[in-house]
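K.L.:
Input file: data14.pdb. Contents: PDB, C-alpha atoms.
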ATOM      1  CA  GLY A   1     -60.790-123.331 -83.361
ATOM      2  CA  ASN A   2     -57.195-123.367 -84.337
ATOM      3  CA  ILE A   3     -54.931-123.508 -87.379
ATOM      4  CA  GLU A   4     -51.324-124.536 -87.658
ATOM      5  CA  ALA A   5     -48.802-124.806 -90.522
ATOM      6  CA  SER A   6     -45.282-126.190 -90.781
ATOM      7  CA  PHE A   7     -42.637-126.071 -93.486
ATOM      8  CA  GLY A   8     -39.374-127.974 -93.554
ATOM      9  CA  ASN A   9     -36.627-129.668 -95.468
ATOM     10  CA  PHE A  10     -37.385-131.976 -98.409
ATOM     11  CA  ASN A  11     -40.167-129.529 -99.379
ATOM     12  CA  LEU A  12     -42.261-130.408 -96.302
ATOM     13  CA  ARG A  13     -45.675-128.734 -96.203
ATOM     14  CA  ARG A  14     -48.005-129.549 -93.350
ATOM     15  CA  ALA A  15     -51.183-127.793 -92.229
ATOM     16  CA  LYS A  16     -54.090-128.621 -89.962
ATOM     17  CA  GLY A  17     -57.046-126.805 -88.577
ATOM     18  CA  TYR A  18     -60.181-127.198 -86.497
ATOM     19  CA  VAL A  19     -63.247-125.071 -85.926
ATOM     20  CA  THR A  20     -66.289-125.745 -83.761
ATOM     21  CA  GLY A  21     -69.292-123.842 -82.560
ATOM     22  CA  GLY A  22     -72.996-123.667 -81.916
ATOM     23  CA  LEU A  23     -75.408-122.965 -84.748
ATOM     24  CA  THR A  24     -78.526-122.797 -82.575
ATOM     25  CA  ASP A  25     -79.352-123.637 -78.942
ATOM     26  CA  ASN A  26     -79.555-127.348 -79.782
ATOM     27  CA  LEU A  27     -77.344-127.711 -82.897
ATOM     28  CA  ALA A  28     -73.549-127.598 -82.973
ATOM     29  CA  PHE A  29     -70.889-128.390 -85.560
ATOM     30  CA  SER A  30     -67.202-129.112 -85.851
ATOM     31  CA  LEU A  31     -64.941-129.256 -88.893
ATOM     32  CA  GLY A  32     -61.324-130.289 -88.996
ATOM     33  CA  GLY A  33     -58.771-131.303 -91.560
ATOM     34  CA  SER A  34     -55.113-131.669 -92.350
ATOM     35  CA  ILE A  35     -52.644-132.088 -95.186
ATOM     36  CA  ASN A  36     -49.109-133.495 -94.991
ATOM     37  CA  GLN A  37     -46.819-133.517 -98.031
ATOM     38  CA  ARG A  38     -43.064-133.990 -98.431
ATOM     39  CA  ASP A  39     -40.674-134.994-101.182
ATOM     40  CA  GLY A  40     -38.799-138.261-100.820
ATOM     41  CA  VAL A  41     -35.881-138.417 -98.415
ATOM     42  CA  ALA A  42     -34.211-141.398-100.105
ATOM     43  CA  GLU A  43     -33.423-142.561-103.633
ATOM     44  CA  ASN A  44     -33.915-145.964-105.189
ATOM     45  CA  LEU A  45     -30.498-146.638-106.752
ATOM     46  CA  VAL A  46     -32.084-149.125-109.192
ATOM     47  CA  ASP A  47     -34.480-146.733-110.991
ATOM     48  CA  GLY A  48     -33.840-143.278-109.433
ATOM     49  CA  ALA A  49     -37.314-143.011-107.850
ATOM     50  CA  GLU A  50     -37.856-140.881-104.758
ATOM     51  CA  LEU A  51     -38.638-142.984-101.680
ATOM     52  CA  ASN A  52     -40.211-142.143 -98.322
ATOM     53  CA  THR A  53     -42.471-139.445 -99.730
ATOM     54  CA  ARG A  54     -45.423-138.071 -97.760
ATOM     55  CA  ASP A  55     -48.756-137.274 -99.389
ATOM     56  CA  ARG A  56     -51.819-137.512 -97.171
ATOM     57  CA  TRP A  57     -54.885-135.478 -96.271
ATOM     58  CA  ASN A  58     -58.031-135.829 -94.184
ATOM     59  CA  ILE A  59     -61.216-133.945 -93.403
ATOM     60  CA  ARG A  60     -63.908-134.596 -90.796
ATOM     61  CA  GLY A  61     -67.195-132.852 -90.197
ATOM     62  CA  GLU A  62     -69.616-133.388 -87.346
ATOM     63  CA  LEU A  63     -73.093-132.165 -86.463
ATOM     64  CA  LEU A  64     -74.558-132.585 -82.977
ATOM     65  CA  LEU A  65     -78.299-132.237 -82.507
ATOM     66  CA  GLU A  66     -79.841-132.282 -79.011
ATOM     67  CA  PRO A  67     -83.620-132.135 -79.575
ATOM     68  CA  THR A  68     -84.347-132.805 -75.861
ATOM     69  CA  ASP A  69     -82.377-132.966 -72.615
ATOM     70  CA  ARG A  70     -82.408-136.776 -72.816
ATOM     71  CA  GLN A  71     -81.602-137.263 -76.484
ATOM     72  CA  GLU A  72     -78.722-136.420 -78.781
ATOM     73  CA  TRP A  73     -77.980-137.271 -82.391
ATOM     74  CA  ARG A  74     -74.546-137.072 -83.940
ATOM     75  CA  LEU A  75     -73.723-137.160 -87.674
ATOM     76  CA  ILE A  76     -70.056-137.695 -88.532
ATOM     77  CA  VAL A  77     -68.607-137.621 -92.034
ATOM     78  CA  ASP A  78     -64.937-138.072 -92.771
ATOM     79  CA  ALA A  79     -62.659-138.733 -95.711
ATOM     80  CA  ASP A  80     -58.945-139.285 -96.061
ATOM     81  CA  GLU A  81     -56.337-140.371 -98.554
ATOM     82  CA  ILE A  82     -52.769-141.637 -98.411
ATOM     83  CA  ASP A  83     -50.692-141.942-101.584
ATOM     84  CA  GLU A  84     -47.058-142.355-100.630
ATOM     85  CA  VAL A  85     -43.933-144.152-101.709
ATOM     86  CA  CYS A  86     -43.051-145.411 -98.287
ATOM     87  CA  CYS A  87     -41.126-147.043 -96.178
ATOM     88  CA  ILE A  88     -37.528-148.008 -96.517
ATOM     89  CA  ALA A  89     -34.623-148.885 -94.301
ATOM     90  CA  SER A  90     -31.121-148.079 -95.486
ATOM     91  CA  ASN A  91     -27.738-149.388 -94.407
ATOM     92  CA  LEU A  92     -25.807-147.257 -91.968
ATOM     93  CA  VAL A  93     -22.829-149.603 -91.880
ATOM     94  CA  GLU A  94     -21.764-152.283 -94.322
ATOM     95  CA  GLY A  95     -21.993-155.371 -92.153
ATOM     96  CA  PRO A  96     -20.425-158.817 -92.415
ATOM     97  CA  THR A  97     -23.229-160.167 -94.637
ATOM     98  CA  ALA A  98     -22.667-157.598 -97.439
ATOM     99  CA  SER A  99     -20.294-159.962 -99.255
ATOM    100  CA  ILE A 100     -22.922-162.710 -99.226
ATOM    101  CA  VAL A 101     -25.577-160.305-100.550
ATOM    102  CA  ARG A 102     -23.271-159.358-103.459
ATOM    103  CA  LEU A 103     -22.330-163.004-104.079
ATOM    104  CA  ILE A 104     -25.983-163.969-104.657
ATOM    105  CA  GLY A 105     -26.577-161.002-107.001
ATOM    106  CA  GLY A 106     -27.720-158.287-104.614
ATOM    107  CA  ASN A 107     -26.385-154.765-104.114
ATOM    108  CA  VAL A 108     -25.304-152.894-101.003
ATOM    109  CA  ASP A 109     -24.868-149.121-100.920
ATOM    110  CA  ASN A 110     -21.748-148.376 -98.953
ATOM    111  CA  ALA A 111     -20.920-144.844-100.118
ATOM    112  CA  THR A 112     -21.714-142.899 -96.941
ATOM    113  CA  PRO A 113     -23.911-143.861 -94.011
ATOM    114  CA  PHE A 114     -26.404-141.000 -94.412
ATOM    115  CA  GLU A 115     -26.560-140.712 -98.211
ATOM    116  CA  ARG A 116     -30.072-142.239 -98.142
ATOM    117  CA  GLY A 117     -29.634-144.404-101.205
ATOM    118  CA  ILE A 118     -30.979-147.942-101.290
ATOM    119  CA  PHE A 119     -31.487-150.737-103.790
ATOM    120  CA  VAL A 120     -35.159-151.732-104.142
ATOM    121  CA  ASN A 121     -36.447-154.034-106.886
ATOM    122  CA  GLY A 122     -39.943-152.466-106.801
ATOM    123  CA  THR A 123     -41.410-149.197-105.631
ATOM    124  CA  PRO A 124     -43.003-149.626-102.173
ATOM    125  CA  ASN A 125     -46.318-147.770-102.696
ATOM    126  CA  ASN A 126     -48.677-147.076 -99.828
ATOM    127  CA  THR A 127     -52.078-146.066-101.192
ATOM    128  CA  LEU A 128     -55.236-145.981 -99.081
TER     129      LEU A 128
END
Taking this structure as input, can you express it in the form of structure tokens?

P.N.:
Amino acid sequence: GNIEASFGNFNLRRAKGYVTGGLTDNLAFSLGGSINQRDGVAENLVDGAELNTRDRWNIRGELLLEPTDRQEWRLIVDADEIDEVCCIASNLVEGPTASIVRLIGGNVDNATPFERGIFVNGTPNNTL
């Protein structure tokens, strides 16, 4: 088996692991899982919400039974969840259409190219 963990900016926490082995001469198992969490890397300038967060996990278990040389049975069970406020695209440069966007009532963030602020009317949730 193996195990691995990572930590990073925006409070990133990521871990995954896997273990496998034989239980008897004709029964084996494997178990694996992971978690990936991170705070948002952008801000919705309309309501202040964090955007582009990461919050997902998964687990998978497997049993392999080989009752004879010509027969094998496999039982696989897995579960996962994603609950993120994802995915945005922000302006790097204020382009020639920014004036038109403002004219029709929209907003354009032109403070600095990598400030990671955007205007979004609704929170883009990604829940599975």

K.L.:
Could you expand the PyMOL selection byres ((chain A and resi 14) around 8) into the explicit residues it covers here, written as a ChimeraX atom specification?

P.N.:
/A:5-7,12-13,15-16,34-37

K.L.:
Please provide the set of residues having any atom within 6 Å of Gly61 (chain A), restricted to all atoms listed in the file, with same-chain residues fewer than 5 positions apart removed, written as JSON, numbers by chain.

P.N.:
{"A": [30, 31, 76, 77]}

K.L.:
I need the chosen residues saved as a PDB file, keeping the file's coordinate frame, with C-alpha atoms.

P.N.:
ATOM      1  CA  SER A  30     -67.202-129.112 -85.851  1.00  0.00           C
ATOM      2  CA  LEU A  31     -64.941-129.256 -88.893  1.00  0.00           C
ATOM      3  CA  ILE A  76     -70.056-137.695 -88.532  1.00  0.00           C
ATOM      4  CA  VAL A  77     -68.607-137.621 -92.034  1.00  0.00           C
TER       5      VAL A  77
END

K.L.:
Determine the axis-aligned bounding box of all atoms of region 2-18 of chain A present in the file, pad each side by 4 Å, and express its centre and edge lengths in Å to one decimal place as JSON.

P.N.:
{"center_x": -48.4, "center_y": -127.7, "center_z": -91.9, "size_x": 31.6, "size_y": 16.6, "size_z": 23.0}

K.L.:
I'd like the neighbourhood of Gly32 (chain A) as a PDB file with C-alpha atoms, in the frame of the given file, where a residue qualifies if any of its atoms comes within 7 Å (using only C-alpha atoms), though same-chain residues fewer than 2 positions away should be ignored.

P.N.:
ATOM      1  CA  GLY A  17     -57.046-126.805 -88.577  1.00  0.00           C
ATOM      2  CA  TYR A  18     -60.181-127.198 -86.497  1.00  0.00           C
ATOM      3  CA  VAL A  19     -63.247-125.071 -85.926  1.00  0.00           C
ATOM      4  CA  SER A  30     -67.202-129.112 -85.851  1.00  0.00           C
ATOM      5  CA  ILE A  59     -61.216-133.945 -93.403  1.00  0.00           C
ATOM      6  CA  ARG A  60     -63.908-134.596 -90.796  1.00  0.00           C
ATOM      7  CA  GLY A  61     -67.195-132.852 -90.197  1.00  0.00           C
TER       8      GLY A  61
END

K.L.:
Using all atoms listed in the file, find the one residue out of A:Leu23, A:Val46, A:Val41, A:Ala79 that sits nearest to Asn107 (chain A).

P.N.:
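Checking each candidate against Asn107 (chain A), we get A:Val46 as the closest.
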
K.L.:
Excluding Leu75 (chain A) and residues on its chain fewer than 4 positions from it, collect all residues at most 7 Å away from it, counting all atoms listed in the file, and give them as a ChimeraX atom specification.

P.N.:
/A:62-64

K.L.:
Just to be explicit: take each residue in the selection above, keep C-alpha atoms, and write the result as a short mmCIF file (atom, residue, chain, number, x, y, z; two decimals), in the coordinates of the input.

P.N.:
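Here's the written file result.cif:
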data_model
loop_
_atom_site.label_atom_id
_atom_site.label_comp_id
_atom_site.auth_asym_id
_atom_site.auth_seq_id
_atom_site.Cartn_x
_atom_site.Cartn_y
_atom_site.Cartn_z
CA GLU A 62 -69.62 -133.39 -87.35
CA LEU A 63 -73.09 -132.16 -86.46
CA LEU A 64 -74.56 -132.58 -82.98
#

K.L.:
Out of A:Arg70, A:Arg54, A:Arg102, A:Arg38, which residue has the shortest atom-to-atom distance to Ile82 (chain A) when counting all atoms listed in the file?

P.N.:
A:Arg54

K.L.:
List the residues selected by the PyMOL selection byres ((chain A and resi 51) around 8) in the file shown, writing them as an mmCIF file with C-alpha atoms, in the frame of the given file.

P.N.:
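File produced: expr-v7.cif:
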data_model
loop_
_atom_site.group_PDB
_atom_site.id
_atom_site.type_symbol
_atom_site.label_atom_id
_atom_site.label_comp_id
_atom_site.auth_asym_id
_atom_site.auth_seq_id
_atom_site.Cartn_x
_atom_site.Cartn_y
_atom_site.Cartn_z
ATOM 1 C CA GLY A 40 -38.799 -138.261 -100.820
ATOM 2 C CA VAL A 41 -35.881 -138.417 -98.415
ATOM 3 C CA ALA A 42 -34.211 -141.398 -100.105
ATOM 4 C CA GLU A 43 -33.423 -142.561 -103.633
ATOM 5 C CA ASN A 44 -33.915 -145.964 -105.189
ATOM 6 C CA ALA A 49 -37.314 -143.011 -107.850
ATOM 7 C CA GLU A 50 -37.856 -140.881 -104.758
ATOM 8 C CA ASN A 52 -40.211 -142.143 -98.322
ATOM 9 C CA THR A 53 -42.471 -139.445 -99.730
ATOM 10 C CA VAL A 85 -43.933 -144.152 -101.709
ATOM 11 C CA CYS A 86 -43.051 -145.411 -98.287
ATOM 12 C CA CYS A 87 -41.126 -147.043 -96.178
ATOM 13 C CA ILE A 88 -37.528 -148.008 -96.517
ATOM 14 C CA THR A 123 -41.410 -149.197 -105.631
ATOM 15 C CA PRO A 124 -43.003 -149.626 -102.173
#

K.L.:
Calculate how many Å separate CA of Asn125 (chain A) from CA of Glu84 (chain A), rounding to one decimal.

P.N.:
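These two atoms are separated by 5.8 Å.
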
K.L.:
Would you pick out the contacts of Gly106 (chain A) at 10 Å or less, using only C-alpha atoms, so that residues sharing its chain but fewer than 3 positions from it are not included, and give the list as a PyMOL selection string?

P.N.:
chain A and resi 98-103+119-121

K.L.:
Measuring between only C-alpha atoms, which one of A:Val108, A:Leu45, A:Trp57, A:Glu72 shows the shortest distance to Ala28 (chain A)?

P.N.:
A:Glu72

K.L.:
Nearest residue to Arg56 (chain A) out of A:Asp78, A:Asp83, A:Thr68, A:Ile118, using all atoms listed in the file?

P.N.:
A:Asp83

K.L.:
Which residue out of A:Asp25, A:Glu115, A:Asp55, A:Asp47 has the minimum interatomic distance to Asn11 (chain A) when only C-alpha atoms are used?

P.N.:
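Result for the nearest residue to Asn11 (chain A): A:Asp55.
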
K.L.:
Of the candidates A:Asn26, A:Asp39, A:Gly117, A:Gly95, which one gets nearest to Phe10 (chain A) if we count all atoms listed in the file?

P.N.:
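Of the candidates, the smallest distance to Phe10 (chain A) is held by A:Asp39.
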